[in-house]
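Asks: This is the content of protein_0.pdb (PDB, C-alpha atoms and all ligand atoms):
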ATOM      1  CA  MET A 299     -27.243   4.677  21.002
ATOM      2  CA  GLU A 300     -27.184   2.096  23.738
ATOM      3  CA  ASN A 301     -26.260  -1.009  21.834
ATOM      4  CA  CYS A 302     -23.962   0.493  19.257
ATOM      5  CA  ILE A 303     -20.534  -1.094  19.470
ATOM      6  CA  PHE A 304     -18.774   1.858  17.834
ATOM      7  CA  CYS A 305     -20.462   4.331  20.221
ATOM      8  CA  LYS A 306     -19.101   2.192  23.058
ATOM      9  CA  ILE A 307     -15.623   2.211  21.507
ATOM     10  CA  ALA A 308     -15.819   5.997  20.993
ATOM     11  CA  LYS A 309     -16.801   6.488  24.646
ATOM     12  CA  GLY A 310     -14.047   4.158  25.873
ATOM     13  CA  GLU A 311     -16.610   1.708  27.267
ATOM     14  CA  ILE A 312     -14.971  -1.004  25.162
ATOM     15  CA  PRO A 313     -11.189  -0.792  25.452
ATOM     16  CA  SER A 314      -9.526   0.054  22.166
ATOM     17  CA  ASN A 315      -6.222   1.621  21.239
ATOM     18  CA  PHE A 316      -6.979   4.757  19.287
ATOM     19  CA  VAL A 317      -4.394   5.508  16.643
ATOM     20  CA  TYR A 318      -5.910   8.993  16.417
ATOM     21  CA  GLU A 319      -8.473  10.928  18.439
ATOM     22  CA  ASP A 320      -9.802  14.451  18.651
ATOM     23  CA  ASP A 321     -12.996  15.996  19.998
ATOM     24  CA  LYS A 322     -15.090  14.855  17.001
ATOM     25  CA  ILE A 323     -13.639  11.582  15.700
ATOM     26  CA  CYS A 324     -11.509   8.621  16.607
ATOM     27  CA  ALA A 325      -9.609   6.000  14.629
ATOM     28  CA  PHE A 326      -8.729   2.483  15.708
ATOM     29  CA  LYS A 327      -7.481  -0.735  14.143
ATOM     30  CA  ASP A 328     -10.068  -3.020  12.567
ATOM     31  CA  ILE A 329     -10.471  -6.245  14.533
ATOM     32  CA  ASN A 330     -10.394  -8.249  11.287
ATOM     33  CA  PRO A 331      -7.893  -6.474   9.033
ATOM     34  CA  VAL A 332      -7.965  -7.080   5.285
ATOM     35  CA  ALA A 333      -4.539  -5.498   4.758
ATOM     36  CA  PRO A 334      -1.452  -4.718   6.863
ATOM     37  CA  VAL A 335      -2.977  -1.323   7.666
ATOM     38  CA  HIS A 336      -6.724  -1.300   8.298
ATOM     39  CA  VAL A 337      -8.072   1.477  10.451
ATOM     40  CA  LEU A 338     -11.661   2.527  11.071
ATOM     41  CA  ILE A 339     -12.355   6.252  11.337
ATOM     42  CA  ILE A 340     -15.634   7.120  13.048
ATOM     43  CA  PRO A 341     -17.508  10.173  14.262
ATOM     44  CA  LYS A 342     -17.926  10.163  18.043
ATOM     45  CA  THR A 343     -21.594  11.004  17.620
ATOM     46  CA  HIS A 344     -23.886   8.293  16.344
ATOM     47  CA  ILE A 345     -24.783   8.474  12.650
ATOM     48  CA  ALA A 346     -26.179   5.175  11.414
ATOM     49  CA  SER A 347     -24.837   5.254   7.864
ATOM     50  CA  ALA A 348     -24.086   7.480   4.869
ATOM     51  CA  MET A 349     -27.855   7.452   4.277
ATOM     52  CA  GLU A 350     -28.251   9.559   7.423
ATOM     53  CA  LEU A 351     -25.948  12.334   6.215
ATOM     54  CA  ASN A 352     -27.421  15.707   5.365
ATOM     55  CA  ASP A 353     -26.440  19.379   5.169
ATOM     56  CA  ASP A 354     -26.626  19.689   8.950
ATOM     57  CA  ASN A 355     -24.326  16.815   9.930
ATOM     58  CA  SER A 356     -22.089  16.124   6.922
ATOM     59  CA  GLY A 357     -19.342  18.484   8.105
ATOM     60  CA  ILE A 358     -18.051  15.512  10.068
ATOM     61  CA  VAL A 359     -17.218  13.765   6.778
ATOM     62  CA  ALA A 360     -15.107  16.737   5.692
ATOM     63  CA  HIS A 361     -13.373  16.595   9.068
ATOM     64  CA  ILE A 362     -12.707  12.859   8.683
ATOM     65  CA  PHE A 363     -11.129  13.465   5.277
ATOM     66  CA  ALA A 364      -9.232  16.461   6.634
ATOM     67  CA  CYS A 365      -7.662  14.101   9.201
ATOM     68  CA  ALA A 366      -7.205  11.095   6.900
ATOM     69  CA  GLY A 367      -3.770  12.167   5.667
ATOM     70  CA  LYS A 368      -2.618  12.659   9.249
ATOM     71  CA  ILE A 369      -3.900   9.201  10.177
ATOM     72  CA  ALA A 370      -2.248   7.697   7.075
ATOM     73  CA  LYS A 371       1.023   9.280   8.186
ATOM     74  CA  ILE A 372       0.637   7.888  11.695
ATOM     75  CA  MET A 373       0.102   4.444  10.146
ATOM     76  CA  GLY A 374       3.078   4.852   7.789
ATOM     77  CA  VAL A 375       1.143   4.698   4.525
ATOM     78  CA  ASP A 376       1.164   8.387   3.576
ATOM     79  CA  GLU A 377       3.802   7.830   0.898
ATOM     80  CA  SER A 378       2.839   4.327  -0.253
ATOM     81  CA  GLY A 379      -0.851   5.240  -0.552
ATOM     82  CA  PHE A 380      -4.094   3.940   0.798
ATOM     83  CA  ARG A 381      -7.797   3.554   0.111
ATOM     84  CA  ILE A 382     -10.729   5.009   2.038
ATOM     85  CA  VAL A 383     -13.957   3.022   1.857
ATOM     86  CA  ASN A 384     -17.448   3.503   3.197
ATOM     87  CA  ASN A 385     -19.880   0.601   3.028
ATOM     88  CA  CYS A 386     -23.536   1.593   3.188
ATOM     89  CA  GLY A 387     -26.448  -0.726   3.821
ATOM     90  CA  LYS A 388     -26.884  -4.440   3.208
ATOM     91  CA  ASP A 389     -25.710  -4.661  -0.380
ATOM     92  CA  GLY A 390     -22.877  -2.250   0.396
ATOM     93  CA  GLY A 391     -21.599  -4.723   2.973
ATOM     94  CA  GLN A 392     -22.209  -2.540   6.030
ATOM     95  CA  THR A 393     -22.202  -4.728   9.132
ATOM     96  CA  VAL A 394     -21.909  -2.083  11.879
ATOM     97  CA  GLY A 395     -24.652   0.547  11.980
ATOM     98  CA  HIS A 396     -22.465   3.518  12.907
ATOM     99  CA  LEU A 397     -20.910   5.548  10.093
ATOM    100  CA  HIS A 398     -17.292   4.558   9.561
ATOM    101  CA  PHE A 399     -14.599   4.875   6.962
ATOM    102  CA  HIS A 400     -12.054   2.123   6.379
ATOM    103  CA  LEU A 401      -8.521   3.397   5.758
ATOM    104  CA  ILE A 402      -6.697   0.496   4.149
ATOM    105  CA  GLY A 403      -3.129   0.186   2.934
ATOM    106  CA  GLY A 404       0.259  -1.367   3.447
ATOM    107  CA  LYS A 405       0.035  -3.450   0.289
ATOM    108  CA  GLU A 406      -0.962  -2.890  -3.323
ATOM    109  CA  LEU A 407      -4.747  -3.133  -3.375
ATOM    110  CA  LEU A 408      -6.663  -4.712  -6.215
ATOM    111  CA  TRP A 409      -9.326  -2.720  -7.988
ATOM    112  CA  PRO A 410     -12.211  -3.252  -8.402
TER     113      PRO A 410
HETATM  114  P1  LIG B   1     -18.478  -2.689   7.645
HETATM  115  O1  LIG B   1     -18.566  -4.109   7.175
HETATM  116  O2  LIG B   1     -19.696  -2.291   8.445
HETATM  117  O3  LIG B   1     -18.130  -1.706   6.574
HETATM  118  O4  LIG B   1     -17.228  -2.630   8.622
HETATM  119  C1  LIG B   1     -17.297  -2.978   9.950
HETATM  120  C2  LIG B   1     -15.887  -3.311  10.364
HETATM  121  O5  LIG B   1     -15.832  -3.256  11.770
HETATM  122  C3  LIG B   1     -15.437  -4.694   9.940
HETATM  123  O6  LIG B   1     -14.274  -4.576   9.123
HETATM  124  C4  LIG B   1     -15.141  -5.404  11.272
HETATM  125  O7  LIG B   1     -14.005  -6.226  11.197
HETATM  126  C5  LIG B   1     -14.959  -4.249  12.219
HETATM  127  N1  LIG B   1     -15.366  -4.513  13.596
HETATM  128  C6  LIG B   1     -16.538  -5.067  14.017
HETATM  129  N2  LIG B   1     -16.579  -5.115  15.357
HETATM  130  C7  LIG B   1     -15.416  -4.546  15.792
HETATM  131  C8  LIG B   1     -14.870  -4.310  17.104
HETATM  132  O8  LIG B   1     -15.474  -4.613  18.132
HETATM  133  N3  LIG B   1     -13.661  -3.731  17.170
HETATM  134  C9  LIG B   1     -12.958  -3.376  16.056
HETATM  135  N4  LIG B   1     -11.758  -2.811  16.241
HETATM  136  N5  LIG B   1     -13.434  -3.591  14.813
HETATM  137  C10 LIG B   1     -14.652  -4.169  14.680
HETATM  138 ZN    ZN B   2     -23.050   4.449  17.319
END
If you convert what's in this file into structure tokens, what do you get?
Ligand code: 5GP
Ligand code: ZN
Replies:
Amino acid sequence: MENCIFCKIAKGEIPSNFVYEDDKICAFKDINPVAPVHVLIIPKTHIASAMELNDDNSGIVAHIFACAGKIAKIMGVDESGFRIVNNCGKDGGQTVGHLHFHLIGGKELLWP
């Protein structure tokens, strides 16, 4: 995906400090954090949104959640807790068209 900013970040074409990386995913700090800890976890391959997930490609979501605790620990919020959010589509507030999960913490979060 030529003009996808998160593909460029995943490929290292836009410099970014990964807080976590493996062969399938990477995690980096959100440029506009809404809490003291705000990390974006993305698949390295381009998936436009949760609407594009299916039985063939959704294993990446399991992998992201399998790594989320590790990433929370790296960010120091494993004991205090955190929230994982996916925004999908216009009304869901998705502004970047590459599947990503927000890992947010470092303060008590309001709900809803
Ligand atoms: P969405 O609104 O699509 O769920 O989340 C997109 C997130 O990506 C936003 O929180 C926004 O601050 C973040 N973001 C957009 N562009 C960049 C960027 O170039 N670098 C980083 N680190 N975060 C970005
Ligand atoms: Zn992409």
Asks: Of the candidates A:Ile345, A:Ala333, A:Leu338, A:Ala366, which shows the shortest atom-to-atom distance to Lys405 of chain A, using only C-alpha atoms?
Replies: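 Among the listed residues, A:Ala333 lies closest to Lys405 of chain A.
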Asks: Where does the PyMOL selection byres (((chain A and resi 314) around 12) and not hetatm) land in this file, that is, which residues does it pick, as a ChimeraX atom specification?
Replies: /A:303-313,315-319,324-329,337-338
Asks: Keeping only C-alpha atoms, write those residues as a compact mmCIF listing (two decimals), keeping the file's coordinate frame.
Replies:
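again-v8.txt, freshly written:
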# COMPACT_ATOMS: atom_id res chain seq x y z
CA ILE A 303 -20.53 -1.09 19.47
CA PHE A 304 -18.77 1.86 17.83
CA CYS A 305 -20.46 4.33 20.22
CA LYS A 306 -19.10 2.19 23.06
CA ILE A 307 -15.62 2.21 21.51
CA ALA A 308 -15.82 6.00 20.99
CA LYS A 309 -16.80 6.49 24.65
CA GLY A 310 -14.05 4.16 25.87
CA GLU A 311 -16.61 1.71 27.27
CA ILE A 312 -14.97 -1.00 25.16
CA PRO A 313 -11.19 -0.79 25.45
CA ASN A 315 -6.22 1.62 21.24
CA PHE A 316 -6.98 4.76 19.29
CA VAL A 317 -4.39 5.51 16.64
CA TYR A 318 -5.91 8.99 16.42
CA GLU A 319 -8.47 10.93 18.44
CA CYS A 324 -11.51 8.62 16.61
CA ALA A 325 -9.61 6.00 14.63
CA PHE A 326 -8.73 2.48 15.71
CA LYS A 327 -7.48 -0.74 14.14
CA ASP A 328 -10.07 -3.02 12.57
CA ILE A 329 -10.47 -6.24 14.53
CA VAL A 337 -8.07 1.48 10.45
CA LEU A 338 -11.66 2.53 11.07
Asks: Taking into account only C-alpha atoms and all ligand atoms, which residue in the set A:Ile372, A:Cys365, A:Cys302, A:Ala360 is nearest to ligand LIG 1 (chain B)?
Replies: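 Counting only C-alpha atoms and all ligand atoms, the residue closest to ligand LIG 1 (chain B) is A:Cys302.
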Asks: For ligand ZN 2 (chain B), which residue out of A:Ala364, A:Val394, A:Leu407, A:Val335 is the nearest one, using all atoms listed in the file?
Replies: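 For ligand ZN 2 (chain B), the nearest of the given residues is A:Val394.
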Asks: Set the distance at 12 Å and use only C-alpha atoms: which residues neighbour Leu408 of chain A once local chain neighbours fewer than 4 positions away are removed? I'd like the list as a list in words.
Replies: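 The neighbour list is Val332, Ala333, Phe380, Arg381, Ile402 and Gly403 of chain A.
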Asks: For each of A:Gly367, A:Pro410, A:Gly357, A:Gly390, take the minimum atom-to-atom distance to ligand LIG 1 (chain B), counting all atoms listed in the file, then give the residue where this is smallest.
Replies: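 Closest to ligand LIG 1 (chain B), using all atoms listed in the file: A:Gly390.
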Asks: May I have the protein, DNA and RNA residues with an atom at most 7 Å from (-24.1, 4.7, 12.5), counting all atoms listed in the file in the file's coordinates, returned as an MDAnalysis selection string?
Replies: chainID A and resid 344:347 395:397
Asks: Contacts of His400 of chain A at 7 Å or less, counting all atoms listed in the file, minus same-chain residues fewer than 6 places along, as a ChimeraX atom specification?
Replies: /A:336-339,382-384
Asks: Separation of atom C2 of ligand LIG 1 (chain B) and atom CA of Pro341 of chain A, in Å?
Replies: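 Distance reported for this atom pair: 14.1 Å.
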Asks: Could you work out how far atom O1 of ligand LIG 1 (chain B) lies from atom CA of Asp321 of chain A, giving the answer in Å with one decimal?
Replies: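 Straight-line distance from atom CA of Asp321 of chain A to atom O1 of ligand LIG 1 (chain B) works out to 24.5 Å.
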Asks: What is the distance, in Å and to one decimal place, between atom CA of Asn355 of chain A and atom CA of Gly374 of chain A?
Replies: 30.0 Å
Asks: From the list A:Cys386, A:Leu401, A:Ala370, A:Met299, which residue is nearest Leu351 of chain A when using only C-alpha atoms?
Replies: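 Closest residue, counting only C-alpha atoms: A:Cys386.
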Asks: For a quick check of understanding, using all atoms listed in the file, which of A:Lys371, A:Lys322, A:Lys342, A:Lys388 has the smallest distance to ligand ZN 2 (chain B)?
Replies: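 Under the stated criterion, the closest residue is A:Lys342.
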